[in-house]
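One file, target_18.cif, is given below (mmCIF, C-alpha atoms).
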```
data_run
loop_
_atom_site.label_atom_id
_atom_site.label_comp_id
_atom_site.auth_asym_id
_atom_site.auth_seq_id
_atom_site.Cartn_x
_atom_site.Cartn_y
_atom_site.Cartn_z
CA MET H 1 59.57 75.13 61.53
CA SER H 2 61.68 72.10 62.36
CA ASP H 3 65.30 71.77 61.40
CA ALA H 4 66.07 69.22 58.69
CA SER H 5 68.14 67.16 61.12
CA GLU H 6 65.29 66.70 63.58
CA VAL H 7 62.63 64.01 63.66
CA THR H 8 59.71 65.04 61.44
CA THR H 9 56.15 63.76 61.37
CA THR H 10 54.41 62.94 58.13
CA THR H 11 50.72 63.57 57.53
CA SER H 12 50.02 59.92 58.31
CA GLY H 13 51.33 60.49 61.86
CA LEU H 14 54.32 58.15 61.50
CA ALA H 15 57.58 59.58 62.81
CA THR H 16 60.59 59.14 60.56
CA THR H 17 64.18 60.19 60.97
CA ALA H 18 65.10 62.64 58.22
CA ASP H 19 68.33 62.58 56.26
CA PRO H 20 70.46 65.39 57.76
CA ALA H 21 71.23 66.63 54.24
CA ALA H 22 67.61 66.69 53.14
CA PRO H 23 65.23 69.60 53.56
CA SER H 24 62.28 69.21 55.86
CA PRO H 25 59.30 68.12 53.74
CA HIS H 26 57.34 70.97 55.35
CA ALA H 27 60.06 73.66 55.15
CA GLU H 28 58.72 76.95 53.79
CA PRO H 29 60.61 79.33 51.53
CA THR H 30 62.51 81.96 53.54
CA LEU H 31 62.74 85.66 52.71
CA ARG H 32 66.01 86.78 51.16
CA GLY H 33 65.48 90.41 52.13
CA ALA H 34 62.61 92.83 52.63
CA GLU H 35 58.98 91.81 52.28
CA PRO H 36 57.62 92.10 48.73
CA PRO H 37 55.60 95.24 47.99
CA GLY H 38 51.86 95.05 47.44
CA LEU H 39 50.96 93.47 44.12
CA THR H 40 49.53 96.69 42.71
CA ARG H 41 52.95 98.35 43.22
CA ASP H 42 55.13 95.35 42.35
CA ARG H 43 56.76 96.44 39.08
CA MET H 44 58.99 93.38 38.93
CA VAL H 45 56.03 90.99 38.98
CA HIS H 46 54.14 93.18 36.50
CA THR H 47 57.10 93.02 34.09
CA TRP H 48 57.41 89.26 34.51
CA VAL H 49 53.69 88.70 33.85
CA ALA H 50 53.86 90.93 30.73
CA ALA H 51 56.93 89.06 29.48
CA MET H 52 55.17 85.73 29.99
CA ALA H 53 52.21 86.97 27.95
CA LEU H 54 54.58 88.09 25.19
CA SER H 55 56.18 84.66 25.16
CA TRP H 56 52.79 82.96 24.89
CA PHE H 57 51.92 85.32 22.04
CA GLY H 58 55.05 84.20 20.20
CA ASP H 59 54.18 80.54 20.82
CA ALA H 60 50.70 81.09 19.39
CA VAL H 61 52.18 82.77 16.30
CA TRP H 62 54.54 79.84 15.70
CA THR H 63 51.91 77.17 16.46
CA VAL H 64 49.56 78.50 13.78
CA ALA H 65 52.40 79.07 11.32
CA LEU H 66 53.70 75.54 11.88
CA ALA H 67 50.26 74.02 11.37
CA TRP H 68 49.74 75.98 8.12
CA THR H 69 53.21 75.08 6.84
CA ALA H 70 52.84 71.41 7.71
CA VAL H 71 49.44 70.90 6.08
CA HIS H 72 50.39 72.86 2.95
CA THR H 73 53.84 71.36 2.32
CA LEU H 74 53.62 67.80 3.67
CA SER H 75 51.36 64.78 3.36
CA PRO H 76 48.57 64.57 5.97
CA ALA H 77 50.34 61.73 7.79
CA MET H 78 53.68 63.53 7.93
CA ALA H 79 51.96 66.77 8.92
CA GLY H 80 50.50 64.96 11.93
CA VAL H 81 53.94 63.64 12.87
CA VAL H 82 55.46 67.12 12.62
CA LEU H 83 52.69 68.74 14.66
CA GLY H 84 53.12 66.15 17.39
CA ALA H 85 56.93 66.18 17.37
CA GLU H 86 57.21 68.29 20.52
CA THR H 87 54.88 66.11 22.59
CA LEU H 88 56.97 62.94 22.97
CA PRO H 89 60.22 64.60 24.16
CA GLN H 90 58.19 66.74 26.55
CA ALA H 91 56.68 63.61 28.09
CA VAL H 92 60.03 61.82 28.17
CA PHE H 93 61.94 64.62 29.89
CA VAL H 94 59.36 66.34 32.11
CA LEU H 95 60.01 64.09 35.13
CA VAL H 96 63.73 64.79 34.81
CA GLY H 97 62.78 68.46 34.60
CA GLY H 98 60.98 68.10 37.92
CA VAL H 99 64.14 66.81 39.61
CA ILE H 100 66.16 69.65 38.04
CA ALA H 101 63.60 72.21 39.27
CA ASP H 102 63.89 71.03 42.88
CA ARG H 103 67.70 70.95 42.83
CA TRP H 104 69.03 74.00 41.00
CA ASP H 105 68.51 77.72 40.64
CA THR H 106 65.21 78.41 38.90
CA ARG H 107 66.27 81.52 37.00
CA ARG H 108 69.34 79.84 35.52
CA ILE H 109 67.27 76.87 34.39
CA LEU H 110 64.68 79.09 32.72
CA VAL H 111 67.13 81.54 31.15
CA THR H 112 69.17 78.66 29.70
CA GLY H 113 66.05 76.96 28.37
CA ARG H 114 64.57 80.09 26.80
CA LEU H 115 67.86 81.05 25.12
CA PHE H 116 68.20 77.51 23.77
CA GLN H 117 64.66 77.60 22.38
CA GLY H 118 65.34 81.00 20.82
CA ALA H 119 68.52 79.64 19.25
CA VAL H 120 66.63 76.66 17.80
CA LEU H 121 64.09 78.99 16.18
CA LEU H 122 66.80 81.34 14.88
CA GLY H 123 68.64 78.35 13.42
CA GLY H 124 65.43 77.11 11.85
CA ALA H 125 64.73 80.51 10.32
CA ALA H 126 68.27 80.66 8.89
CA ALA H 127 67.97 77.15 7.48
CA TRP H 128 64.56 77.85 5.95
CA GLY H 129 65.80 81.06 4.42
CA SER H 130 68.78 79.24 2.87
CA GLY H 131 66.54 76.62 1.27
CA VAL H 132 66.84 73.80 3.84
CA ARG H 133 63.16 73.00 4.33
CA GLY H 134 60.68 70.18 4.77
CA ALA H 135 59.87 67.54 7.35
CA PRO H 136 63.44 66.81 8.56
CA LEU H 137 63.98 70.43 9.61
CA LEU H 138 60.56 70.80 11.24
CA LEU H 139 60.91 67.46 13.05
CA THR H 140 64.34 68.37 14.36
CA MET H 141 63.07 71.70 15.62
CA GLY H 142 60.07 70.05 17.26
CA VAL H 143 62.21 67.49 19.09
CA LEU H 144 64.67 70.14 20.32
CA LEU H 145 61.93 72.54 21.42
CA GLY H 146 59.99 69.75 23.12
CA THR H 147 63.10 68.56 24.97
CA ALA H 148 63.81 72.06 26.26
CA THR H 149 60.18 72.48 27.32
CA GLY H 150 60.14 69.19 29.20
CA LEU H 151 63.35 70.00 31.06
CA THR H 152 62.30 73.54 32.05
CA LEU H 153 58.51 73.50 32.44
CA PRO H 154 58.54 72.27 36.08
CA ALA H 155 61.00 75.02 37.02
CA GLY H 156 58.61 77.59 35.59
CA ALA H 157 55.88 76.21 37.82
CA THR H 158 57.95 77.07 40.92
CA LEU H 159 58.88 80.66 40.04
CA ALA H 160 55.76 82.44 41.35
CA ARG H 161 56.31 80.78 44.74
CA GLN H 162 59.68 82.55 44.89
CA LEU H 163 58.37 86.01 43.96
CA VAL H 164 55.20 86.77 45.93
CA ARG H 165 53.58 86.11 49.27
CA PRO H 166 51.55 82.87 49.54
CA ALA H 167 48.37 84.94 49.89
CA ASP H 168 49.05 86.54 46.48
CA LEU H 169 49.70 83.34 44.54
CA ALA H 170 46.11 82.96 43.31
CA THR H 171 46.03 86.56 42.07
CA VAL H 172 49.31 86.20 40.16
CA SER H 173 48.11 82.90 38.72
CA GLY H 174 44.97 84.66 37.53
CA TRP H 175 47.02 87.43 35.91
CA ASN H 176 49.09 84.85 34.08
CA GLN H 177 46.00 82.99 32.92
CA ILE H 178 44.43 86.17 31.59
CA GLY H 179 47.68 87.15 29.89
CA GLY H 180 48.00 83.71 28.34
CA ARG H 181 44.46 83.64 27.00
CA VAL H 182 44.66 87.15 25.56
CA ALA H 183 48.04 86.33 24.01
CA ARG H 184 46.63 83.24 22.32
CA LEU H 185 43.54 85.10 21.11
CA LEU H 186 45.77 87.69 19.44
CA GLY H 187 48.62 85.35 18.51
CA ALA H 188 46.57 82.89 16.46
CA PRO H 189 45.42 85.39 13.81
CA ALA H 190 48.84 87.09 13.93
CA GLY H 191 50.43 83.73 13.12
CA GLY H 192 48.21 83.32 10.10
CA LEU H 193 49.06 86.81 8.88
CA ALA H 194 52.78 86.30 9.53
CA VAL H 195 53.07 83.05 7.59
CA ALA H 196 51.07 84.53 4.72
CA ALA H 197 53.12 87.74 4.59
CA VAL H 198 56.68 86.64 5.36
CA GLY H 199 56.55 82.84 5.44
CA PRO H 200 57.47 80.33 8.15
CA ALA H 201 60.90 81.88 8.71
CA GLY H 202 59.28 85.14 9.77
CA ALA H 203 57.10 83.32 12.31
CA MET H 204 60.17 81.51 13.64
CA LEU H 205 61.96 84.83 14.07
CA ALA H 206 58.96 86.34 15.87
CA ASP H 207 58.80 83.47 18.35
CA ALA H 208 62.58 83.58 18.82
CA VAL H 209 62.37 87.25 19.75
CA THR H 210 59.82 86.48 22.46
CA PHE H 211 62.03 83.74 23.92
CA VAL H 212 65.00 86.08 24.04
CA ALA H 213 62.80 88.77 25.61
CA ILE H 214 61.59 86.52 28.44
CA ALA H 215 65.17 85.33 29.01
CA GLY H 216 66.25 88.96 29.28
CA VAL H 217 63.52 89.77 31.79
CA LEU H 218 64.39 86.71 33.88
CA ALA H 219 68.10 87.55 33.84
CA LEU H 220 67.94 91.32 34.32
CA VAL H 221 64.65 92.12 36.08
CA VAL H 222 63.38 89.12 38.04
CA ARG H 223 64.97 88.60 41.46
CA PRO H 224 63.55 85.82 43.65
CA ARG H 225 62.47 87.16 47.05
CA TYR H 226 62.07 83.74 48.69
CA ARG H 227 64.74 81.06 49.00
CA MET H 228 63.30 77.64 48.18
CA PRO H 229 64.44 74.57 50.14
CA ARG H 230 66.40 72.43 47.72
CA ALA H 231 66.33 68.65 47.33
CA PRO H 232 69.58 66.79 48.07
CA HIS H 233 71.70 65.66 45.11
CA ALA H 234 70.77 62.01 45.35
CA SER H 235 70.47 59.79 42.29
CA TRP H 236 67.78 60.71 39.76
CA ALA H 237 65.82 57.54 40.58
CA ALA H 238 66.01 58.27 44.32
CA SER H 239 64.75 61.82 43.75
CA LEU H 240 61.79 60.54 41.76
CA ARG H 241 61.02 57.92 44.40
CA ASP H 242 61.13 60.61 47.07
CA GLY H 243 58.61 62.66 45.08
CA ALA H 244 56.30 59.65 44.80
CA ALA H 245 56.66 58.94 48.53
CA TYR H 246 55.70 62.53 49.31
CA LEU H 247 52.46 62.18 47.35
CA ARG H 248 51.67 58.87 49.04
CA ARG H 249 51.95 60.36 52.53
CA ASP H 250 50.30 63.75 51.91
CA GLU H 251 46.61 63.24 51.20
CA SER H 252 45.80 66.83 50.23
CA ALA H 253 48.72 67.06 47.80
CA ARG H 254 47.79 63.71 46.27
CA LEU H 255 44.16 64.67 45.80
CA LEU H 256 45.11 67.99 44.17
CA VAL H 257 47.46 66.28 41.73
CA LEU H 258 44.94 63.59 40.82
CA GLY H 259 42.13 66.12 40.48
CA LEU H 260 44.07 68.54 38.30
CA ALA H 261 45.47 65.75 36.11
CA ALA H 262 41.99 64.32 35.51
CA LEU H 263 40.16 67.55 34.66
CA ASN H 264 41.54 68.07 31.17
CA VAL H 265 40.62 64.50 30.29
CA PHE H 266 37.00 65.65 30.06
CA VAL H 267 37.33 69.29 28.99
CA SER H 268 39.99 69.08 26.27
CA PRO H 269 38.21 66.51 24.03
CA VAL H 270 35.07 68.64 23.92
CA ILE H 271 36.95 71.84 23.09
CA ALA H 272 39.41 70.23 20.69
CA LEU H 273 37.01 67.90 18.88
CA GLY H 274 33.45 67.95 20.19
CA ILE H 275 32.70 71.55 19.20
CA ALA H 276 34.08 71.00 15.71
CA LEU H 277 31.92 67.88 15.31
CA ARG H 278 28.83 69.72 16.58
CA VAL H 279 29.33 72.61 14.15
CA SER H 280 30.17 70.32 11.23
CA GLU H 281 27.24 67.94 11.72
CA SER H 282 24.85 70.86 12.11
CA GLY H 283 26.13 72.49 8.92
CA TRP H 284 26.67 75.87 10.57
CA GLY H 285 29.97 76.72 8.87
CA PRO H 286 33.46 77.32 10.28
CA ALA H 287 32.64 80.82 11.54
CA TRP H 288 30.56 79.26 14.32
CA LEU H 289 33.52 77.13 15.37
CA GLY H 290 35.56 80.31 15.77
CA ALA H 291 32.69 81.97 17.61
CA ALA H 292 32.42 79.05 20.05
CA GLU H 293 36.15 79.09 20.76
CA ALA H 294 36.06 82.87 21.23
CA ALA H 295 33.12 82.49 23.64
CA PHE H 296 35.15 80.02 25.69
CA ALA H 297 38.22 82.28 25.74
CA LEU H 298 36.27 85.38 26.72
CA GLY H 299 34.37 83.43 29.37
CA ALA H 300 37.65 82.10 30.78
CA ILE H 301 39.08 85.63 30.99
CA ALA H 302 35.96 86.81 32.80
CA GLY H 303 36.11 83.77 35.09
CA SER H 304 39.74 84.50 35.98
CA VAL H 305 38.76 88.05 36.91
CA VAL H 306 36.04 86.67 39.16
CA GLY H 307 38.50 84.23 40.73
CA ILE H 308 40.97 87.04 41.44
CA ARG H 309 38.39 89.41 42.93
CA ARG H 310 36.33 86.85 44.83
CA ARG H 311 38.21 85.38 47.79
CA VAL H 312 36.65 82.19 49.14
CA GLY H 313 37.31 80.45 52.44
CA ARG H 314 37.98 77.00 50.97
CA PRO H 315 39.29 77.72 47.46
CA ALA H 316 40.08 74.14 46.47
CA GLN H 317 36.61 72.93 47.47
CA ALA H 318 35.04 75.93 45.71
CA GLY H 319 37.08 75.24 42.58
CA PHE H 320 35.93 71.64 42.30
CA ALA H 321 32.34 72.66 43.12
CA VAL H 322 32.37 75.16 40.23
CA LEU H 323 33.68 72.42 37.96
CA VAL H 324 30.66 70.26 38.82
CA ALA H 325 28.57 72.94 37.11
CA GLN H 326 31.09 73.05 34.28
CA GLY H 327 30.42 69.38 33.64
CA LEU H 328 26.74 70.17 33.07
CA CYS H 329 27.69 72.93 30.61
CA ILE H 330 29.98 70.52 28.76
CA ALA H 331 27.01 68.21 28.29
CA ALA H 332 24.98 71.12 26.89
CA THR H 333 27.54 71.75 24.11
CA GLY H 334 26.22 68.69 22.31
CA ILE H 335 22.75 70.17 21.86
CA GLY H 336 22.10 71.28 18.28
CA SER H 337 21.46 74.96 18.94
CA ARG H 338 23.76 77.86 18.13
CA ILE H 339 22.56 79.94 21.09
CA ILE H 340 22.93 77.07 23.54
CA LEU H 341 26.39 76.27 22.17
CA LEU H 342 27.65 79.83 22.64
CA ALA H 343 26.07 80.11 26.09
CA ALA H 344 27.45 76.73 27.19
CA MET H 345 30.96 77.52 25.93
CA THR H 346 30.90 80.87 27.68
CA LEU H 347 29.91 79.24 30.96
CA VAL H 348 32.47 76.46 30.48
CA GLY H 349 35.08 79.20 30.13
CA VAL H 350 33.84 81.15 33.18
CA ALA H 351 34.00 78.01 35.32
CA ALA H 352 37.44 77.11 33.98
CA GLY H 353 38.81 80.59 34.65
CA ALA H 354 37.51 80.92 38.22
CA ALA H 355 38.35 77.35 39.22
CA SER H 356 41.84 77.60 37.76
CA VAL H 357 42.65 80.67 39.87
CA TRP H 358 41.43 79.09 43.10
CA LEU H 359 42.94 75.67 42.45
CA SER H 360 46.31 76.89 41.18
CA GLY H 361 46.74 79.25 44.14
CA THR H 362 45.88 76.45 46.57
CA TYR H 363 48.20 74.08 44.72
CA GLN H 364 51.15 76.48 45.04
CA ARG H 365 50.49 76.98 48.75
CA THR H 366 49.85 73.31 49.55
CA ILE H 367 52.62 71.39 47.79
CA ALA H 368 55.80 71.31 49.86
CA PRO H 369 58.23 73.80 48.27
CA SER H 370 61.01 71.20 48.32
CA HIS H 371 58.87 68.96 46.08
CA LEU H 372 57.02 71.52 43.97
CA GLY H 373 59.02 70.88 40.78
CA ARG H 374 58.66 67.10 40.90
CA VAL H 375 54.98 67.23 41.79
CA SER H 376 54.33 69.73 38.98
CA SER H 377 56.08 67.39 36.56
CA VAL H 378 53.73 64.57 37.56
CA SER H 379 50.69 66.80 36.93
CA THR H 380 52.07 67.81 33.54
CA LEU H 381 52.83 64.22 32.57
CA GLY H 382 49.28 63.25 33.52
CA ASP H 383 47.91 65.75 31.02
CA MET H 384 50.36 64.64 28.33
CA ALA H 385 49.50 60.98 28.79
CA LEU H 386 45.74 61.12 29.31
CA VAL H 387 44.48 63.87 27.00
CA PRO H 388 45.81 62.28 23.76
CA LEU H 389 43.89 59.14 24.68
CA ALA H 390 40.70 60.94 25.71
CA ILE H 391 40.30 62.89 22.44
CA PRO H 392 40.10 59.88 20.08
CA ALA H 393 37.93 58.09 22.66
CA PHE H 394 35.48 61.00 22.46
CA GLY H 395 35.54 60.76 18.67
CA ALA H 396 34.90 57.02 18.74
CA LEU H 397 31.98 57.44 21.16
CA ALA H 398 30.49 60.25 19.05
CA THR H 399 30.79 58.05 15.93
CA ALA H 400 29.18 55.06 17.63
CA THR H 401 26.35 57.10 19.21
CA SER H 402 26.09 60.86 18.66
CA VAL H 403 27.89 64.08 19.52
CA LEU H 404 25.23 64.82 22.13
CA THR H 405 25.69 61.43 23.80
CA ALA H 406 29.47 61.81 23.88
CA ALA H 407 29.19 65.32 25.35
CA VAL H 408 26.72 64.13 28.00
CA VAL H 409 28.93 61.19 28.97
CA TYR H 410 32.04 63.34 29.29
CA GLY H 411 30.20 66.14 31.06
CA ALA H 412 28.48 63.80 33.51
CA ALA H 413 31.74 61.99 34.24
CA MET H 414 33.44 65.30 34.98
CA ALA H 415 30.60 66.46 37.24
CA VAL H 416 30.66 63.22 39.25
CA LEU H 417 34.45 63.23 39.53
CA CYS H 418 34.62 66.87 40.66
CA LEU H 419 31.80 66.30 43.18
CA TRP H 420 33.84 63.43 44.63
CA PHE H 421 36.94 65.62 44.95
CA ALA H 422 34.96 68.53 46.42
CA THR H 423 33.66 66.29 49.22
CA ARG H 424 37.02 64.75 50.21
CA PRO H 425 38.24 65.86 53.67
CA GLY H 426 41.73 66.37 52.25
CA ILE H 427 40.32 68.99 49.88
CA ALA H 428 37.81 70.56 52.27
CA ARG H 429 40.52 71.36 54.84
CA LEU H 430 42.59 73.43 52.41
CA ARG H 431 42.23 77.18 52.91
#
```

Write-out of the structure in structure tokens:
Amino acid sequence: MSDASEVTTTTSGLATTADPAAPSPHAEPTLRGAEPPGLTRDRMVHTWVAAMALSWFGDAVWTVALAWTAVHTLSPAMAGVVLGAETLPQAVFVLVGGVIADRWDTRRILVTGRLFQGAVLLGGAAAWGSGVRGAPLLLTMGVLLGTATGLTLPAGATLARQLVRPADLATVSGWNQIGGRVARLLGAPAGGLAVAAVGPAGAMLADAVTFVAIAGVLALVVRPRYRMPRAPHASWAASLRDGAAYLRRDESARLLVLGLAALNVFVSPVIALGIALRVSESGWGPAWLGAAEAAFALGAIAGSVVGIRRRVGRPAQAGFAVLVAQGLCIAATGIGSRIILLAAMTLVGVAAGAASVWLSGTYQRTIAPSHLGRVSSVSTLGDMALVPLAIPAFGALATATSVLTAAVVYGAAMAVLCLWFATRPGIARLR
């Protein structure tokens, strides 16, 4: 490992003199103390994963409650504005959040953010209970929650790298994915029951409790075992330019970011809109929409288990190869058959679960720790910018042609794109 004051060599082979105050772009996190215990005995990581799942459960409760409240108390147009209120501030602030993540203590960032989000929800519950209701309150809450999410999300993406060995990152990522999917499966119906039984204020309180709980776990239980190299306190613009320069010179990192940002462009429109159109046009009834979504979730959980248990030599290449097959299953969702729909959604989920474990573990190990927050913010912004455009484009294509044609186009495009990534040398060399 070279010292930050020495001459370093980029992946392009060009020698550059590093700023003495800057961390080496290839510096690895250093142990603060003893080696972490094995994952099966690591109670701290187990508690953190459980707290994350609880937080996602609370988010699912509030998401459903917010949707029900918006569509039942507001006009359709205003309901859409309220439901999308968190998205814009997230997109605006996520790059700033990436700079924050690479500069300052991760736990403090996350604890502050979670307590702020809990306070927003508690304030909303108090206001709703006192009769202050309607779009202005829900919009204000959405903007505040979205701002906090944008500023803290990149920091959350760096925490696992500070807790476990690099070899265990894929396994922990898989645990978190399973916890998140189970939490959402249970949280969605719980949100419906909560808003029906105690109203929106009760759902706000439930989500607030989960935010306070994860803040408590982060403050009292979680102790980073690895010290991350920190970015120098240059100007915000200089920090962002440095992050962009890192991606330009590191081919593997660049390919991972581009690949991960592009994947949801093809998957999300089918899950969010294509399945609903297929069920509606076929006249099968809403129960089949729920069954298809459950098939995807259960398949994704099973796929994550496979990804955790099955170690592969080139996980990034294997992940993109699996997603080639996922593209074919996406195309099959447009076929007008209930059995084929459920089978295709199950296989889409299995591929998503396994590939996510392999790709996320490789991503955490590959991106330079000194740039992990900023690079994660770019990946997140890619999803935020591209997916909202891809969903209406899918709808327009399905209207102009058919649901089957739209599904085939999106599935084929994904298969071709993932095949291209799987065959890139910068991906194939990652282990």

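Residues selected in this file by the PyMOL selection byres ((chain H and resi 51-58) around 6) comprise Trp48, Val49, Ala50, Asp59, Ala60, Val61, Gly179, Gly180, Ala183, Arg184, Gly187, Asp207, Thr210 and Ile214 of chain H.
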
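For the atom pair formed by CA of Leu39 in chain H and CA of Gly353 in chain H, the distance is 20.1 Å, given to one decimal.
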
Practice item. Name the residues in contact with range 371-377 of chain H at a cut-off of 7 Å, using all atoms listed in the file, excluding same-chain residues fewer than 6 positions from it; report them as a list in words. Key: Val94, Leu95, Gly98, Val99, Ala101, Asp102, Pro154, Ala155, Ala157, Thr158 and Gly243 of chain H

Go through range 362-431 of chain H residue by residue and, counting all atoms listed in the file, keep those with an atom at most 12 Å from range 338-344 of chain H; for each kept residue give the shortest atom pair and its distance in Å to one decimal, ordered by chain and increasing number, as CSV.
```
residue,atom,partner,partner_atom,distance
H:Leu404,CA,H:Leu341,CA,11.5
H:Ala407,CA,H:Ala344,CA,11.7
H:Gly411,CA,H:Ala344,CA,11.6
```

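Candidate residues H:Leu298, H:Ala398, H:Val132, H:Ala77 were compared for distance to Thr346 in chain H, and the nearest is H:Leu298, using all atoms listed in the file.
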
**Study point:** Residues matched by the PyMOL selection byres ((chain H and resi 216-225) around 9) as a PyMOL selection string
**Key:** chain H and resi 30-36+44-45+47-48+51+106-108+110-111+159-164+211-215+226-227

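Among the candidates H:Val387, H:Ala352, H:Ile427, H:Leu121, the residue lying nearest to Leu138 in chain H is H:Leu121 (atoms considered: all atoms listed in the file).
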
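CA of Ala297 in chain H is positioned 23.3 Å from CA of Ala206 in chain H.
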
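Shortest atom-to-atom contact with Leu260 in chain H among H:Leu389, H:Val378, H:Ala85, H:Ala188: H:Val378, counting only C-alpha atoms.
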
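For the residues H:Arg309, H:Arg314, H:Arg429, H:Arg249, ranking by smallest atom-to-atom distance to Ala368 in chain H using only C-alpha atoms places H:Arg249 first.
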
Exercise for review: Record the distance separating CA of Pro425 in chain H and CA of Ser252 in chain H, expressed in Å with one decimal.
Suggested key: 8.4 Å

Point to revise | Residue contacts of Thr87 in chain H (10 Å, all atoms listed in the file) excluding same-chain residues fewer than 5 positions away, as JSON, numbers by chain | key: {"H": [92, 142, 143, 145, 146, 147, 149, 150, 384, 385, 388]}

Any chance you could work out the residue set of the PyMOL selection byres ((chain H and resi 103) around 8) here, as a PDB file with C-alpha atoms, keeping the file's coordinate frame?
```
ATOM      1  CA  VAL H  99      64.140  66.810  39.610  1.00  0.00           C
ATOM      2  CA  ILE H 100      66.160  69.650  38.040  1.00  0.00           C
ATOM      3  CA  ALA H 101      63.600  72.210  39.270  1.00  0.00           C
ATOM      4  CA  ASP H 102      63.890  71.030  42.880  1.00  0.00           C
ATOM      5  CA  TRP H 104      69.030  74.000  41.000  1.00  0.00           C
ATOM      6  CA  ASP H 105      68.510  77.720  40.640  1.00  0.00           C
ATOM      7  CA  ARG H 230      66.400  72.430  47.720  1.00  0.00           C
ATOM      8  CA  ALA H 231      66.330  68.650  47.330  1.00  0.00           C
ATOM      9  CA  PRO H 232      69.580  66.790  48.070  1.00  0.00           C
ATOM     10  CA  HIS H 233      71.700  65.660  45.110  1.00  0.00           C
TER      11      HIS H 233
END
```

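Residues lying within 10 Å of Ala294 in chain H, counting all atoms listed in the file and ignoring same-chain neighbours fewer than 2 positions away, are Leu185, Trp288, Leu289, Gly290, Ala291, Ala292, Phe296, Ala297, Leu298, Gly299, Ala300, Leu342, Met345, Thr346 and Gly349 of chain H.
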
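Across H:Trp236, H:Phe421, H:Phe93, H:Phe266, the tightest approach to Val348 in chain H is made by H:Phe266 when counting all atoms listed in the file.
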
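Among the candidates H:Gly426, H:Gly124, H:Gly319, H:Pro369, the residue lying nearest to Pro200 in chain H is H:Gly124 (atoms considered: all atoms listed in the file).
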